[in-house]
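Trainee: Input file: input-v9.pdb. Contents: PDB, C-alpha atoms and all ligand atoms.
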ATOM      1  CA  MET A1026      61.054 102.904  40.147  1.00  0.00           C
ATOM      2  CA  LYS A1027      61.784 100.452  37.403  1.00  0.00           C
ATOM      3  CA  HIS A1028      65.484 100.366  36.569  1.00  0.00           C
ATOM      4  CA  LEU A1029      66.155 100.431  32.837  1.00  0.00           C
ATOM      5  CA  MET A1030      68.937  99.067  30.658  1.00  0.00           C
ATOM      6  CA  PRO A1031      71.452 101.831  29.901  1.00  0.00           C
ATOM      7  CA  GLU A1032      72.201 102.597  26.277  1.00  0.00           C
ATOM      8  CA  LEU A1033      75.795 101.989  25.253  1.00  0.00           C
ATOM      9  CA  PRO A1034      77.574 105.214  24.188  1.00  0.00           C
ATOM     10  CA  TYR A1035      79.077 103.377  21.177  1.00  0.00           C
ATOM     11  CA  ALA A1036      78.012 100.820  18.586  1.00  0.00           C
ATOM     12  CA  MET A1037      78.146  97.140  19.546  1.00  0.00           C
ATOM     13  CA  ASP A1038      80.990  96.521  17.086  1.00  0.00           C
ATOM     14  CA  ALA A1039      82.880  99.756  17.832  1.00  0.00           C
ATOM     15  CA  LEU A1040      85.265  98.447  20.502  1.00  0.00           C
ATOM     16  CA  ALA A1041      86.523  95.410  18.576  1.00  0.00           C
ATOM     17  CA  PRO A1042      88.975  93.766  18.755  1.00  0.00           C
ATOM     18  CA  VAL A1043      89.490  94.790  22.402  1.00  0.00           C
ATOM     19  CA  MET A1044      85.852  93.986  23.169  1.00  0.00           C
ATOM     20  CA  SER A1045      84.041  92.139  20.397  1.00  0.00           C
ATOM     21  CA  GLU A1046      80.412  92.575  19.374  1.00  0.00           C
ATOM     22  CA  GLU A1047      79.753  89.059  20.689  1.00  0.00           C
ATOM     23  CA  THR A1048      81.244  89.907  24.090  1.00  0.00           C
ATOM     24  CA  LEU A1049      79.120  93.069  24.312  1.00  0.00           C
ATOM     25  CA  ALA A1050      76.023  91.134  23.229  1.00  0.00           C
ATOM     26  CA  PHE A1051      76.526  88.748  26.163  1.00  0.00           C
ATOM     27  CA  HIS A1052      78.105  91.057  28.721  1.00  0.00           C
ATOM     28  CA  HIS A1053      75.810  94.054  28.232  1.00  0.00           C
ATOM     29  CA  GLY A1054      72.860  92.363  26.569  1.00  0.00           C
ATOM     30  CA  LYS A1055      72.574  89.326  28.838  1.00  0.00           C
ATOM     31  CA  HIS A1056      74.645  89.640  32.037  1.00  0.00           C
ATOM     32  CA  LEU A1057      73.755  93.264  32.795  1.00  0.00           C
ATOM     33  CA  ARG A1058      70.154  92.708  31.711  1.00  0.00           C
ATOM     34  CA  THR A1059      69.862  89.807  34.158  1.00  0.00           C
ATOM     35  CA  TYR A1060      71.156  91.910  37.054  1.00  0.00           C
ATOM     36  CA  ILE A1061      68.671  94.684  36.235  1.00  0.00           C
ATOM     37  CA  ASP A1062      65.753  92.275  35.726  1.00  0.00           C
ATOM     38  CA  ASN A1063      66.566  90.516  39.019  1.00  0.00           C
ATOM     39  CA  LEU A1064      66.825  93.854  40.830  1.00  0.00           C
ATOM     40  CA  ASN A1065      63.449  95.014  39.531  1.00  0.00           C
ATOM     41  CA  LYS A1066      61.832  91.763  40.679  1.00  0.00           C
ATOM     42  CA  LEU A1067      63.527  91.832  44.097  1.00  0.00           C
ATOM     43  CA  ILE A1068      62.649  95.436  44.984  1.00  0.00           C
ATOM     44  CA  ALA A1069      58.988  95.350  43.922  1.00  0.00           C
ATOM     45  CA  GLY A1070      56.889  96.185  46.982  1.00  0.00           C
ATOM     46  CA  THR A1071      59.921  96.764  49.255  1.00  0.00           C
ATOM     47  CA  LEU A1072      61.455  99.881  50.806  1.00  0.00           C
ATOM     48  CA  TYR A1073      63.943  99.909  47.923  1.00  0.00           C
ATOM     49  CA  GLU A1074      61.255 100.253  45.272  1.00  0.00           C
ATOM     50  CA  ASP A1075      61.537 104.037  44.823  1.00  0.00           C
ATOM     51  CA  MET A1076      65.242 104.503  45.538  1.00  0.00           C
ATOM     52  CA  GLU A1077      67.865 105.566  43.032  1.00  0.00           C
ATOM     53  CA  LEU A1078      70.300 102.793  42.130  1.00  0.00           C
ATOM     54  CA  GLU A1079      73.196 104.358  44.070  1.00  0.00           C
ATOM     55  CA  GLU A1080      71.095 104.592  47.230  1.00  0.00           C
ATOM     56  CA  ILE A1081      70.118 100.915  46.961  1.00  0.00           C
ATOM     57  CA  VAL A1082      73.800  99.978  46.573  1.00  0.00           C
ATOM     58  CA  CYS A1083      74.648 101.885  49.766  1.00  0.00           C
ATOM     59  CA  LYS A1084      71.722 100.624  51.853  1.00  0.00           C
ATOM     60  CA  ALA A1085      70.809  97.105  50.743  1.00  0.00           C
ATOM     61  CA  THR A1086      72.255  93.728  51.707  1.00  0.00           C
ATOM     62  CA  GLY A1087      72.041  90.212  50.278  1.00  0.00           C
ATOM     63  CA  SER A1088      70.546  89.614  46.836  1.00  0.00           C
ATOM     64  CA  VAL A1089      69.208  93.161  46.463  1.00  0.00           C
ATOM     65  CA  TYR A1090      72.691  94.537  47.126  1.00  0.00           C
ATOM     66  CA  ASN A1091      74.399  92.033  44.822  1.00  0.00           C
ATOM     67  CA  ASN A1092      72.135  92.777  41.865  1.00  0.00           C
ATOM     68  CA  ALA A1093      72.056  96.542  42.469  1.00  0.00           C
ATOM     69  CA  ALA A1094      75.835  96.739  42.837  1.00  0.00           C
ATOM     70  CA  GLN A1095      76.386  94.651  39.713  1.00  0.00           C
ATOM     71  CA  ALA A1096      73.959  96.902  37.806  1.00  0.00           C
ATOM     72  CA  TRP A1097      75.787 100.037  39.017  1.00  0.00           C
ATOM     73  CA  ASN A1098      79.276  98.599  38.417  1.00  0.00           C
ATOM     74  CA  HIS A1099      78.418  97.495  34.885  1.00  0.00           C
ATOM     75  CA  GLU A1100      76.740 100.760  33.897  1.00  0.00           C
ATOM     76  CA  PHE A1101      79.836 102.601  35.137  1.00  0.00           C
ATOM     77  CA  PHE A1102      82.186 100.161  33.381  1.00  0.00           C
ATOM     78  CA  PHE A1103      80.424 100.296  30.008  1.00  0.00           C
ATOM     79  CA  ASP A1104      80.314 104.093  30.230  1.00  0.00           C
ATOM     80  CA  SER A1105      84.127 104.278  30.425  1.00  0.00           C
ATOM     81  CA  PHE A1106      85.048 103.382  26.847  1.00  0.00           C
ATOM     82  CA  THR A1107      85.011 104.954  23.409  1.00  0.00           C
ATOM     83  CA  SER A1108      85.655 103.965  19.815  1.00  0.00           C
ATOM     84  CA  THR A1109      87.600 107.212  19.334  1.00  0.00           C
ATOM     85  CA  PRO A1110      90.039 107.360  22.254  1.00  0.00           C
ATOM     86  CA  GLN A1111      91.956 110.575  22.836  1.00  0.00           C
ATOM     87  CA  PRO A1112      95.182 111.100  24.795  1.00  0.00           C
ATOM     88  CA  VAL A1113      95.067 111.790  28.530  1.00  0.00           C
ATOM     89  CA  SER A1114      94.798 115.545  29.100  1.00  0.00           C
ATOM     90  CA  ALA A1115      97.592 117.451  30.837  1.00  0.00           C
ATOM     91  CA  ARG A1116      95.256 118.125  33.808  1.00  0.00           C
ATOM     92  CA  LEU A1117      94.375 114.448  34.274  1.00  0.00           C
ATOM     93  CA  ALA A1118      97.991 113.365  33.869  1.00  0.00           C
ATOM     94  CA  ALA A1119      98.983 115.888  36.542  1.00  0.00           C
ATOM     95  CA  LEU A1120      96.233 114.673  38.914  1.00  0.00           C
ATOM     96  CA  LEU A1121      97.312 111.056  38.458  1.00  0.00           C
ATOM     97  CA  GLY A1122     100.971 112.029  38.769  1.00  0.00           C
ATOM     98  CA  LYS A1123     100.269 113.764  42.072  1.00  0.00           C
ATOM     99  CA  SER A1124      98.875 110.569  43.618  1.00  0.00           C
ATOM    100  CA  PHE A1125     100.913 107.892  41.852  1.00  0.00           C
ATOM    101  CA  GLY A1126     104.182 109.631  40.960  1.00  0.00           C
ATOM    102  CA  ALA A1127     103.672 109.223  37.210  1.00  0.00           C
ATOM    103  CA  PHE A1128     100.951 108.103  34.794  1.00  0.00           C
ATOM    104  CA  ALA A1129     102.974 104.935  34.095  1.00  0.00           C
ATOM    105  CA  ASP A1130     102.936 104.069  37.804  1.00  0.00           C
ATOM    106  CA  PHE A1131      99.145 104.434  37.931  1.00  0.00           C
ATOM    107  CA  GLN A1132      98.833 102.256  34.829  1.00  0.00           C
ATOM    108  CA  ARG A1133     101.103  99.593  36.326  1.00  0.00           C
ATOM    109  CA  GLN A1134      99.231  99.573  39.650  1.00  0.00           C
ATOM    110  CA  LEU A1135      95.774  99.237  38.088  1.00  0.00           C
ATOM    111  CA  THR A1136      97.006  96.577  35.651  1.00  0.00           C
ATOM    112  CA  GLU A1137      98.611  94.543  38.441  1.00  0.00           C
ATOM    113  CA  ALA A1138      95.495  94.873  40.607  1.00  0.00           C
ATOM    114  CA  ALA A1139      93.222  93.719  37.767  1.00  0.00           C
ATOM    115  CA  VAL A1140      95.408  90.864  36.557  1.00  0.00           C
ATOM    116  CA  GLY A1141      96.292  89.687  40.069  1.00  0.00           C
ATOM    117  CA  HIS A1142      92.819  89.828  41.596  1.00  0.00           C
ATOM    118  CA  PHE A1143      91.787  86.354  42.751  1.00  0.00           C
ATOM    119  CA  GLY A1144      88.457  85.201  41.350  1.00  0.00           C
ATOM    120  CA  SER A1145      85.554  87.405  40.254  1.00  0.00           C
ATOM    121  CA  GLY A1146      85.551  91.099  40.969  1.00  0.00           C
ATOM    122  CA  TRP A1147      86.620  94.561  39.929  1.00  0.00           C
ATOM    123  CA  ALA A1148      89.784  96.671  39.894  1.00  0.00           C
ATOM    124  CA  TRP A1149      89.193 100.365  40.538  1.00  0.00           C
ATOM    125  CA  LEU A1150      90.697 103.799  40.437  1.00  0.00           C
ATOM    126  CA  VAL A1151      88.954 105.617  43.290  1.00  0.00           C
ATOM    127  CA  GLU A1152      89.065 109.043  44.911  1.00  0.00           C
ATOM    128  CA  ASP A1153      89.085 109.192  48.690  1.00  0.00           C
ATOM    129  CA  GLY A1154      87.461 111.903  50.800  1.00  0.00           C
ATOM    130  CA  ALA A1155      90.663 113.966  50.812  1.00  0.00           C
ATOM    131  CA  GLY A1156      90.932 114.052  47.004  1.00  0.00           C
ATOM    132  CA  GLY A1157      93.659 111.425  46.778  1.00  0.00           C
ATOM    133  CA  LEU A1158      93.514 108.841  43.987  1.00  0.00           C
ATOM    134  CA  THR A1159      94.241 105.188  44.780  1.00  0.00           C
ATOM    135  CA  VAL A1160      93.837 101.739  43.215  1.00  0.00           C
ATOM    136  CA  CYS A1161      91.836  99.004  44.930  1.00  0.00           C
ATOM    137  CA  THR A1162      89.967  95.825  44.076  1.00  0.00           C
ATOM    138  CA  THR A1163      86.594  94.506  45.201  1.00  0.00           C
ATOM    139  CA  GLN A1164      85.325  90.945  45.339  1.00  0.00           C
ATOM    140  CA  ASN A1165      82.293  89.719  43.368  1.00  0.00           C
ATOM    141  CA  ALA A1166      79.651  92.514  43.257  1.00  0.00           C
ATOM    142  CA  ASP A1167      81.254  94.821  45.817  1.00  0.00           C
ATOM    143  CA  CYS A1168      81.248  98.511  44.971  1.00  0.00           C
ATOM    144  CA  PRO A1169      83.525 101.195  46.520  1.00  0.00           C
ATOM    145  CA  LEU A1170      80.513 103.498  47.012  1.00  0.00           C
ATOM    146  CA  THR A1171      79.688 101.482  50.145  1.00  0.00           C
ATOM    147  CA  THR A1172      82.971 102.519  51.786  1.00  0.00           C
ATOM    148  CA  GLY A1173      82.703 106.197  50.924  1.00  0.00           C
ATOM    149  CA  LEU A1174      85.058 106.105  47.947  1.00  0.00           C
ATOM    150  CA  ARG A1175      84.218 107.772  44.635  1.00  0.00           C
ATOM    151  CA  PRO A1176      84.755 105.438  41.653  1.00  0.00           C
ATOM    152  CA  ILE A1177      86.728 107.053  38.815  1.00  0.00           C
ATOM    153  CA  LEU A1178      87.479 104.055  36.543  1.00  0.00           C
ATOM    154  CA  THR A1179      86.948 100.313  36.771  1.00  0.00           C
ATOM    155  CA  PHE A1180      88.017  97.131  35.002  1.00  0.00           C
ATOM    156  CA  ASP A1181      85.595  94.196  35.226  1.00  0.00           C
ATOM    157  CA  VAL A1182      87.643  91.053  35.848  1.00  0.00           C
ATOM    158  CA  TRP A1183      84.804  88.553  36.046  1.00  0.00           C
ATOM    159  CA  GLU A1184      85.543  85.790  33.526  1.00  0.00           C
ATOM    160  CA  HIS A1185      82.326  86.677  31.654  1.00  0.00           C
ATOM    161  CA  ALA A1186      84.010  89.988  30.715  1.00  0.00           C
ATOM    162  CA  TYR A1187      86.779  88.378  28.679  1.00  0.00           C
ATOM    163  CA  TYR A1188      86.286  84.652  28.141  1.00  0.00           C
ATOM    164  CA  ILE A1189      84.712  84.910  24.685  1.00  0.00           C
ATOM    165  CA  ASP A1190      87.539  87.058  23.286  1.00  0.00           C
ATOM    166  CA  TYR A1191      90.526  86.028  25.381  1.00  0.00           C
ATOM    167  CA  ARG A1192      89.652  82.661  26.968  1.00  0.00           C
ATOM    168  CA  ASN A1193      91.793  82.526  30.124  1.00  0.00           C
ATOM    169  CA  ARG A1194      94.194  85.316  29.087  1.00  0.00           C
ATOM    170  CA  ARG A1195      93.040  87.984  31.530  1.00  0.00           C
ATOM    171  CA  ALA A1196      96.277  89.974  31.174  1.00  0.00           C
ATOM    172  CA  ASP A1197      95.714  90.382  27.418  1.00  0.00           C
ATOM    173  CA  TYR A1198      92.164  91.634  28.076  1.00  0.00           C
ATOM    174  CA  VAL A1199      93.342  94.109  30.716  1.00  0.00           C
ATOM    175  CA  ASN A1200      96.153  95.387  28.503  1.00  0.00           C
ATOM    176  CA  GLY A1201      93.612  95.858  25.688  1.00  0.00           C
ATOM    177  CA  LEU A1202      91.278  97.938  27.860  1.00  0.00           C
ATOM    178  CA  TRP A1203      93.917 100.675  28.091  1.00  0.00           C
ATOM    179  CA  ASN A1204      93.410 101.320  24.350  1.00  0.00           C
ATOM    180  CA  ILE A1205      89.677 102.132  24.539  1.00  0.00           C
ATOM    181  CA  ILE A1206      89.343 104.281  27.685  1.00  0.00           C
ATOM    182  CA  ASP A1207      87.371 107.508  27.341  1.00  0.00           C
ATOM    183  CA  TRP A1208      89.785 109.728  29.271  1.00  0.00           C
ATOM    184  CA  ALA A1209      87.567 112.814  29.005  1.00  0.00           C
ATOM    185  CA  LYS A1210      84.842 110.928  30.875  1.00  0.00           C
ATOM    186  CA  VAL A1211      87.336 109.663  33.455  1.00  0.00           C
ATOM    187  CA  GLU A1212      88.519 113.225  34.049  1.00  0.00           C
ATOM    188  CA  GLN A1213      84.937 114.490  34.509  1.00  0.00           C
ATOM    189  CA  ARG A1214      84.443 112.005  37.344  1.00  0.00           C
ATOM    190  CA  ILE A1215      87.240 113.497  39.466  1.00  0.00           C
ATOM    191  CA  GLY A1216      85.792 115.996  41.922  1.00  0.00           C
TER     192      GLY A1216
HETATM  193 FE    FE B   1      80.689  91.911  34.046  1.00  0.00          FE
END
As structure tokens, what does this structure read like?
Ligand SMILES: [Fe+2]
Mentor:
Amino acid sequence: MKHLMPELPYAMDALAPVMSEETLAFHHGKHLRTYIDNLNKLIAGTLYEDMELEEIVCKATGSVYNNAAQAWNHEFFFDSFTSTPQPVSARLAALLGKSFGAFADFQRQLTEAAVGHFGSGWAWLVEDGAGGLTVCTTQNADCPLTTGLRPILTFDVWEHAYYIDYRNRRADYVNGLWNIIDWAKVEQRIG
């Protein structure tokens, strides 16, 4: 199965100034494309050739895993934003409140995880097998699917995600992301 570039659910200039058209042109148009192109080349003629992306992420190692996980992580990340953000619903706020105490505590934990993560990686809101919501980070390409966690929301903290718009100011980038989250989509992901 040839893995295809996902369409963005918004226009390339729709998330500015939080995420500029230039950032999306590089981050989606070049970085994600490279991961998908590499994956397609690496899996040709292997046991991974006909697997869904999620299955490859959970079963592969080495370069196949790195490119598959980066493809999955980026598709999930880009599918988390909207140009017309709406407030968090009462149901989602209650679910987050149950695990974190209050929405503000969840927001603080994910922000601190994203800003404080050392080097390249991802900060996540995940659901564990018992339905609890927690914040974690992963290094480089690593994806929580491999440890049985269900991703609910992620912030990409690789420098390529923010260097065009924010240079080294990762905290400003992370704080900006809160303004473009598609909360309805986040809520749908909770089981
Ligand atoms: Fe990225």
Trainee: The PyMOL selection byres (((chain A and resi 1054-1058) around 9) and not hetatm) on the file shown: which residues, as a VMD selection string?
Mentor: chain A and resid 1029 to 1030 1049 to 1053 1059 to 1063 1095 to 1096 1099 to 1100 1185
Trainee: If you count all atoms listed in the file, which residues fall within 9 Å of A:Trp1097, apart from same-chain ones fewer than 2 positions away, as JSON, numbers by chain?
Mentor: {"A": [1078, 1079, 1082, 1092, 1093, 1094, 1095, 1099, 1100, 1101, 1102, 1168]}
Trainee: Closest to A:Phe1106 among A:Met1026, A:Met1044, A:Leu1170, A:Ala1186, using all atoms listed in the file?
Mentor: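 Closest to A:Phe1106, using all atoms listed in the file: A:Met1044.
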Trainee: Identify the residues within 7 Å of coordinate (95.9, 109.8, 45.6) (same frame as the file), considering all atoms listed in the file, and give the answer as a list of chain:residue names.
Mentor: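 Residues close enough to count: A:Lys1123, A:Ser1124, A:Phe1125, A:Glu1152, A:Gly1156, A:Gly1157, A:Leu1158, A:Thr1159.
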Trainee: Quick check, in Å to one decimal: how far apart do atom CA of A:Asp1167 and atom CA of A:Gly1146 lie?
Mentor: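 Atom CA of A:Gly1146 lies at a distance of 7.5 Å from atom CA of A:Asp1167.
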Trainee: Skipping near chain neighbours, those fewer than 6 positions away, what residues fall within 7 Å of A:Val1211 using only C-alpha atoms, listed as a ChimeraX atom specification?
Mentor: /A:1105,1177-1178
